[in-house]
Amino acid sequence: MLTGWTVFYALFAIVVLSALTAGLKGGPRRAVAIGWIGAAFLMPYWLQIGMGSLLIDIRSGAVIAVLLLMVISPVPGTFRLTLADALIAGIVLAQVVSQYEAGAFRPLTLPEICRKWVGPYLMGRTLLSSTEDIRRNISGIARIIAVLSVFAIGECFIQINFLNTALGRTFGLLEAGEGYRWGLKRAHVTFDHPIFFGMALVLLLPWAIEAARLSRAGEGPRWWRWLPLAMAGALFATVSRGPQIAGIATTGIYLFFRVPKLRIPFLVLAIGGGVVVTTFKDELVELLAVVAGEKSADTEVRIILIEGEEVEYTGTNHRVLLFKVYDDAMSKAGLFGFGTELKGVEVEEHLAQRFSSIDCHYLLFYLQHGKFAILAFLILTVSIILNLARIAFRRDLTQAALAAGLCGALLSVAVLLMSVWFSPDFAGIWLFSAGLAGRLHLLTIETHSKDMNTLLPSNAGADSVRAKYAPASPLRAAHAPVRPIQSDEVVLAHGGTPSRVVNE
């Protein structure tokens, strides 16, 4: 049985060589498409090696290869700075300061932060050189979707993850109760947890929808039309409520942009849903717990004490209770938090073990890195979603359909981060999608500039300035009627009488 370092180095070398080979033929963008995307979805994320505070995963091989190729052949447009780029830099800076103030800054701390945040984002910013690259990349991504879907559905019903079994990998709680629901095994394929795999599938869903759209338009194989259905099967196989709801929401948001007559009904539905969630929050949490099998007539009710108050505990309302448990720590987090290790965070002793898992990205990130980091992340999220929405509304653009799907996926996952931490295995794909959103935004600006240039002559800028300040033409008085000039007439200045021109 192959395990450990041998497997890691073998797969790492395959990814590096694949990325370099593709990149030497097609440039860094092709290396991202072949190397990074393939590694992100098909290679086990848990295969890592540590060097102090730096972790190297298999995706890192693709990032290293792409960076080397960029040195040899720089990619035009990649380094045109945007607001999102500045916010990513701000998040990195906040984490550096946070770790320093917590006394946890080490020589490899900055490379580790960049590995998790900058590397995936840069891959997304690099992928597309033009809107035509969307069509070129879908072919490979469609195959990845097909493989993941078959793997996930098989794992769910056969109840064996053949990859993990072959490599001798076990997952503790996932091998027992937590890894099973409704009598099914919760598929997680190459990811660390079914929820993380489900989040990655949601972020991949826009590509499946776009492939199906191209197929219906005669621009792709017929089997692409089945990819959204295959993704639905894979999401079901995770048996994770959050990703399943997020997949439905992503599809709904896509249809909101692509089918104008659905917009008002969808808005009414969204507003009504928001009112229901706000009004019946406790009842909905109770319902989700029942659906998950956490509450039934045979289940013993668990009561715990939080600040002297008795509250009912389930895995579902764990996320809600977190804010109550960590209320005091939140008030002390300040600008830069307690650091990644949460040194100095104190909770009631009898709650420490049960609530050591902080399944809420916004709460955890706030405690770790403070107000500065969480504000930068929120602004980043809002800015990329708004940019994608602007593109999606312009249905005449080639990139509008993909932008509509990405807008839905990034928004849905951002909401879902209330119930899950930002695990690097799917966080890298979220950041990749955020970088891709930034690139789509720049391509839209470039497309607009090209359209303007086609409407004007090449020296339009200079001509427009001259036209603005030049004196009026002497061939027409200000009060002269506007009509076409005949080929054998000339109009005299100052309103003179037209005279015939004799053609020799």
# chains A, B, ... in the order shown; residues from 1 in each chain; ligands from 1
$ residues_around --residues "stretch 327-331 of chain A" --least-positions-apart "5" --cutoff "7 Å" --atoms "only C-alpha atoms" --output "ChimeraX atom specification"
/A:345-346,367
$ residues_around --residues "A:Gly242" --least-positions-apart "3" --cutoff "9 Å" --atoms "only C-alpha atoms" --output "NGL selection string"
:A and (195 or 198-199 or 245-247 or 413 or 416 or 419)
$ residues_around --residues "A:Val420" --least-positions-apart "5" --cutoff "12 Å" --atoms "only C-alpha atoms" --output "PDB file with N, CA and C atoms, in the first residue's frame"
ATOM      1  N   HIS A 193     -13.788  16.910   4.087  1.00  0.00           N
ATOM      2  CA  HIS A 193     -15.086  16.758   4.730  1.00  0.00           C
ATOM      3  C   HIS A 193     -16.179  16.905   3.673  1.00  0.00           C
ATOM      4  N   PRO A 194     -17.319  16.233   3.838  1.00  0.00           N
ATOM      5  CA  PRO A 194     -18.413  16.371   2.871  1.00  0.00           C
ATOM      6  C   PRO A 194     -18.894  17.807   2.678  1.00  0.00           C
ATOM      7  N   ILE A 195     -18.905  18.605   3.747  1.00  0.00           N
ATOM      8  CA  ILE A 195     -19.330  20.004   3.602  1.00  0.00           C
ATOM      9  C   ILE A 195     -18.345  20.764   2.714  1.00  0.00           C
ATOM     10  N   PHE A 196     -17.047  20.526   2.925  1.00  0.00           N
ATOM     11  CA  PHE A 196     -16.045  21.227   2.119  1.00  0.00           C
ATOM     12  C   PHE A 196     -16.144  20.808   0.652  1.00  0.00           C
ATOM     13  N   GLY A 198     -18.874  19.754  -0.781  1.00  0.00           N
ATOM     14  CA  GLY A 198     -20.099  20.376  -1.277  1.00  0.00           C
ATOM     15  C   GLY A 198     -19.903  21.833  -1.643  1.00  0.00           C
ATOM     16  N   MET A 199     -19.138  22.556  -0.833  1.00  0.00           N
ATOM     17  CA  MET A 199     -18.861  23.971  -1.137  1.00  0.00           C
ATOM     18  C   MET A 199     -18.082  24.087  -2.453  1.00  0.00           C
ATOM     19  N   SER A 240     -25.217  16.954   2.624  1.00  0.00           N
ATOM     20  CA  SER A 240     -24.946  18.161   3.415  1.00  0.00           C
ATOM     21  C   SER A 240     -25.980  19.212   3.041  1.00  0.00           C
ATOM     22  N   ARG A 241     -26.764  19.626   4.006  1.00  0.00           N
ATOM     23  CA  ARG A 241     -27.887  20.524   3.729  1.00  0.00           C
ATOM     24  C   ARG A 241     -27.441  21.875   3.185  1.00  0.00           C
ATOM     25  N   GLY A 242     -26.400  22.438   3.768  1.00  0.00           N
ATOM     26  CA  GLY A 242     -25.929  23.757   3.353  1.00  0.00           C
ATOM     27  C   GLY A 242     -25.550  23.817   1.887  1.00  0.00           C
ATOM     28  N   PRO A 243     -24.609  22.970   1.416  1.00  0.00           N
ATOM     29  CA  PRO A 243     -24.262  22.989   0.000  1.00  0.00           C
ATOM     30  C   PRO A 243     -25.435  22.699  -0.928  1.00  0.00           C
ATOM     31  N   THR A 316     -26.873  21.186  14.868  1.00  0.00           N
ATOM     32  CA  THR A 316     -27.334  22.281  14.011  1.00  0.00           C
ATOM     33  C   THR A 316     -27.282  23.622  14.737  1.00  0.00           C
ATOM     34  N   HIS A 318     -25.480  24.372  17.157  1.00  0.00           N
ATOM     35  CA  HIS A 318     -24.104  24.625  17.598  1.00  0.00           C
ATOM     36  C   HIS A 318     -23.610  25.956  17.031  1.00  0.00           C
ATOM     37  N   ARG A 319     -23.905  26.203  15.734  1.00  0.00           N
ATOM     38  CA  ARG A 319     -23.445  27.437  15.074  1.00  0.00           C
ATOM     39  C   ARG A 319     -24.063  28.680  15.700  1.00  0.00           C
ATOM     40  N   VAL A 320     -25.313  28.562  16.109  1.00  0.00           N
ATOM     41  CA  VAL A 320     -25.998  29.701  16.715  1.00  0.00           C
ATOM     42  C   VAL A 320     -25.447  29.971  18.110  1.00  0.00           C
ATOM     43  N   LEU A 322     -22.527  29.422  19.230  1.00  0.00           N
ATOM     44  CA  LEU A 322     -21.136  29.885  19.214  1.00  0.00           C
ATOM     45  C   LEU A 322     -21.019  31.357  19.596  1.00  0.00           C
ATOM     46  N   SER A 357     -14.645  23.623  18.121  1.00  0.00           N
ATOM     47  CA  SER A 357     -14.878  23.732  16.677  1.00  0.00           C
ATOM     48  C   SER A 357     -15.747  24.966  16.417  1.00  0.00           C
ATOM     49  N   ILE A 358     -15.140  25.987  15.838  1.00  0.00           N
ATOM     50  CA  ILE A 358     -15.869  27.234  15.553  1.00  0.00           C
ATOM     51  C   ILE A 358     -16.321  27.197  14.093  1.00  0.00           C
ATOM     52  N   ASP A 359     -17.527  26.664  13.879  1.00  0.00           N
ATOM     53  CA  ASP A 359     -18.037  26.448  12.527  1.00  0.00           C
ATOM     54  C   ASP A 359     -18.730  27.696  11.991  1.00  0.00           C
ATOM     55  N   CYS A 360     -18.008  28.780  11.951  1.00  0.00           N
ATOM     56  CA  CYS A 360     -18.501  30.037  11.370  1.00  0.00           C
ATOM     57  C   CYS A 360     -17.285  30.851  10.966  1.00  0.00           C
ATOM     58  N   HIS A 361     -17.094  31.013   9.682  1.00  0.00           N
ATOM     59  CA  HIS A 361     -15.900  31.711   9.209  1.00  0.00           C
ATOM     60  C   HIS A 361     -15.816  33.136   9.770  1.00  0.00           C
ATOM     61  N   TYR A 362     -16.945  33.843   9.767  1.00  0.00           N
ATOM     62  CA  TYR A 362     -16.911  35.248  10.166  1.00  0.00           C
ATOM     63  C   TYR A 362     -16.537  35.401  11.640  1.00  0.00           C
ATOM     64  N   LEU A 363     -17.057  34.534  12.491  1.00  0.00           N
ATOM     65  CA  LEU A 363     -16.701  34.579  13.902  1.00  0.00           C
ATOM     66  C   LEU A 363     -15.247  34.168  14.109  1.00  0.00           C
ATOM     67  N   LEU A 364     -14.840  33.061  13.496  1.00  0.00           N
ATOM     68  CA  LEU A 364     -13.473  32.569  13.673  1.00  0.00           C
ATOM     69  C   LEU A 364     -12.454  33.566  13.142  1.00  0.00           C
ATOM     70  N   PHE A 365     -12.697  34.102  11.946  1.00  0.00           N
ATOM     71  CA  PHE A 365     -11.743  35.040  11.339  1.00  0.00           C
ATOM     72  C   PHE A 365     -11.659  36.322  12.154  1.00  0.00           C
ATOM     73  N   VAL A 413     -22.143  30.796  -1.242  1.00  0.00           N
ATOM     74  CA  VAL A 413     -21.101  30.283  -0.346  1.00  0.00           C
ATOM     75  C   VAL A 413     -20.780  31.316   0.732  1.00  0.00           C
ATOM     76  N   ALA A 414     -20.795  32.598   0.378  1.00  0.00           N
ATOM     77  CA  ALA A 414     -20.535  33.644   1.378  1.00  0.00           C
ATOM     78  C   ALA A 414     -21.568  33.592   2.496  1.00  0.00           C
ATOM     79  N   VAL A 415     -22.829  33.349   2.144  1.00  0.00           N
ATOM     80  CA  VAL A 415     -23.868  33.203   3.165  1.00  0.00           C
ATOM     81  C   VAL A 415     -23.640  31.929   3.979  1.00  0.00           C
ATOM     82  N   PHE A 426     -11.485  24.133   0.310  1.00  0.00           N
ATOM     83  CA  PHE A 426     -12.457  24.799  -0.567  1.00  0.00           C
ATOM     84  C   PHE A 426     -12.249  26.311  -0.596  1.00  0.00           C
ATOM     85  N   ALA A 427     -11.584  26.867   0.435  1.00  0.00           N
ATOM     86  CA  ALA A 427     -11.301  28.310   0.444  1.00  0.00           C
ATOM     87  C   ALA A 427     -10.424  28.687  -0.752  1.00  0.00           C
TER      88      ALA A 427
END
$ residues_around --residues "A:Pro111" --least-positions-apart "5" --cutoff "9 Å" --atoms "only C-alpha atoms" --output "MDAnalysis selection string"
chainID A and resid 53:54 116
$ select_by_dssp --residues "stretch 249-384 of chain A" --states "strand (DSSP E)" --output "list in words"
Arg302, Ile303, Ile304, Leu305, Ile306, Glu309, Glu310, Val311, Glu312 and Tyr313 of chain A
$ write_last_selection --atoms "C-alpha atoms" --output "mmCIF file, in the first residue's frame"
data_model
loop_
_atom_site.group_PDB
_atom_site.id
_atom_site.type_symbol
_atom_site.label_atom_id
_atom_site.label_comp_id
_atom_site.auth_asym_id
_atom_site.auth_seq_id
_atom_site.Cartn_x
_atom_site.Cartn_y
_atom_site.Cartn_z
ATOM 1 C CA ARG A 302 -29.090 17.380 25.473
ATOM 2 C CA ILE A 303 -29.180 20.387 27.771
ATOM 3 C CA ILE A 304 -26.081 22.490 28.463
ATOM 4 C CA LEU A 305 -25.386 25.574 30.586
ATOM 5 C CA ILE A 306 -24.138 28.775 28.944
ATOM 6 C CA GLU A 309 -28.730 29.516 31.354
ATOM 7 C CA GLU A 310 -29.997 26.101 30.259
ATOM 8 C CA VAL A 311 -30.131 25.683 26.471
ATOM 9 C CA GLU A 312 -30.856 22.719 24.231
ATOM 10 C CA TYR A 313 -27.857 21.556 22.190
#
$ closest_residue --among "A:Leu167, A:Val32, A:Leu351, A:Ala373" --to "A:Gly339" --atoms "only C-alpha atoms"
A:Ala373
$ atom_distance --atom1 "atom CA of A:Pro424" --atom2 "atom CA of A:Phe41"
12.7 Å
$ residues_around --residues "stretch 85-98 of chain A" --least-positions-apart "5" --cutoff "7 Å" --atoms "only C-alpha atoms" --output "list of chain:residue names"
A:Leu110, A:Ile113, A:Phe336, A:Gly337, A:Phe338, A:Gly339, A:His369, A:Phe372, A:Ala373, A:Ala376, A:Phe377, A:Leu380
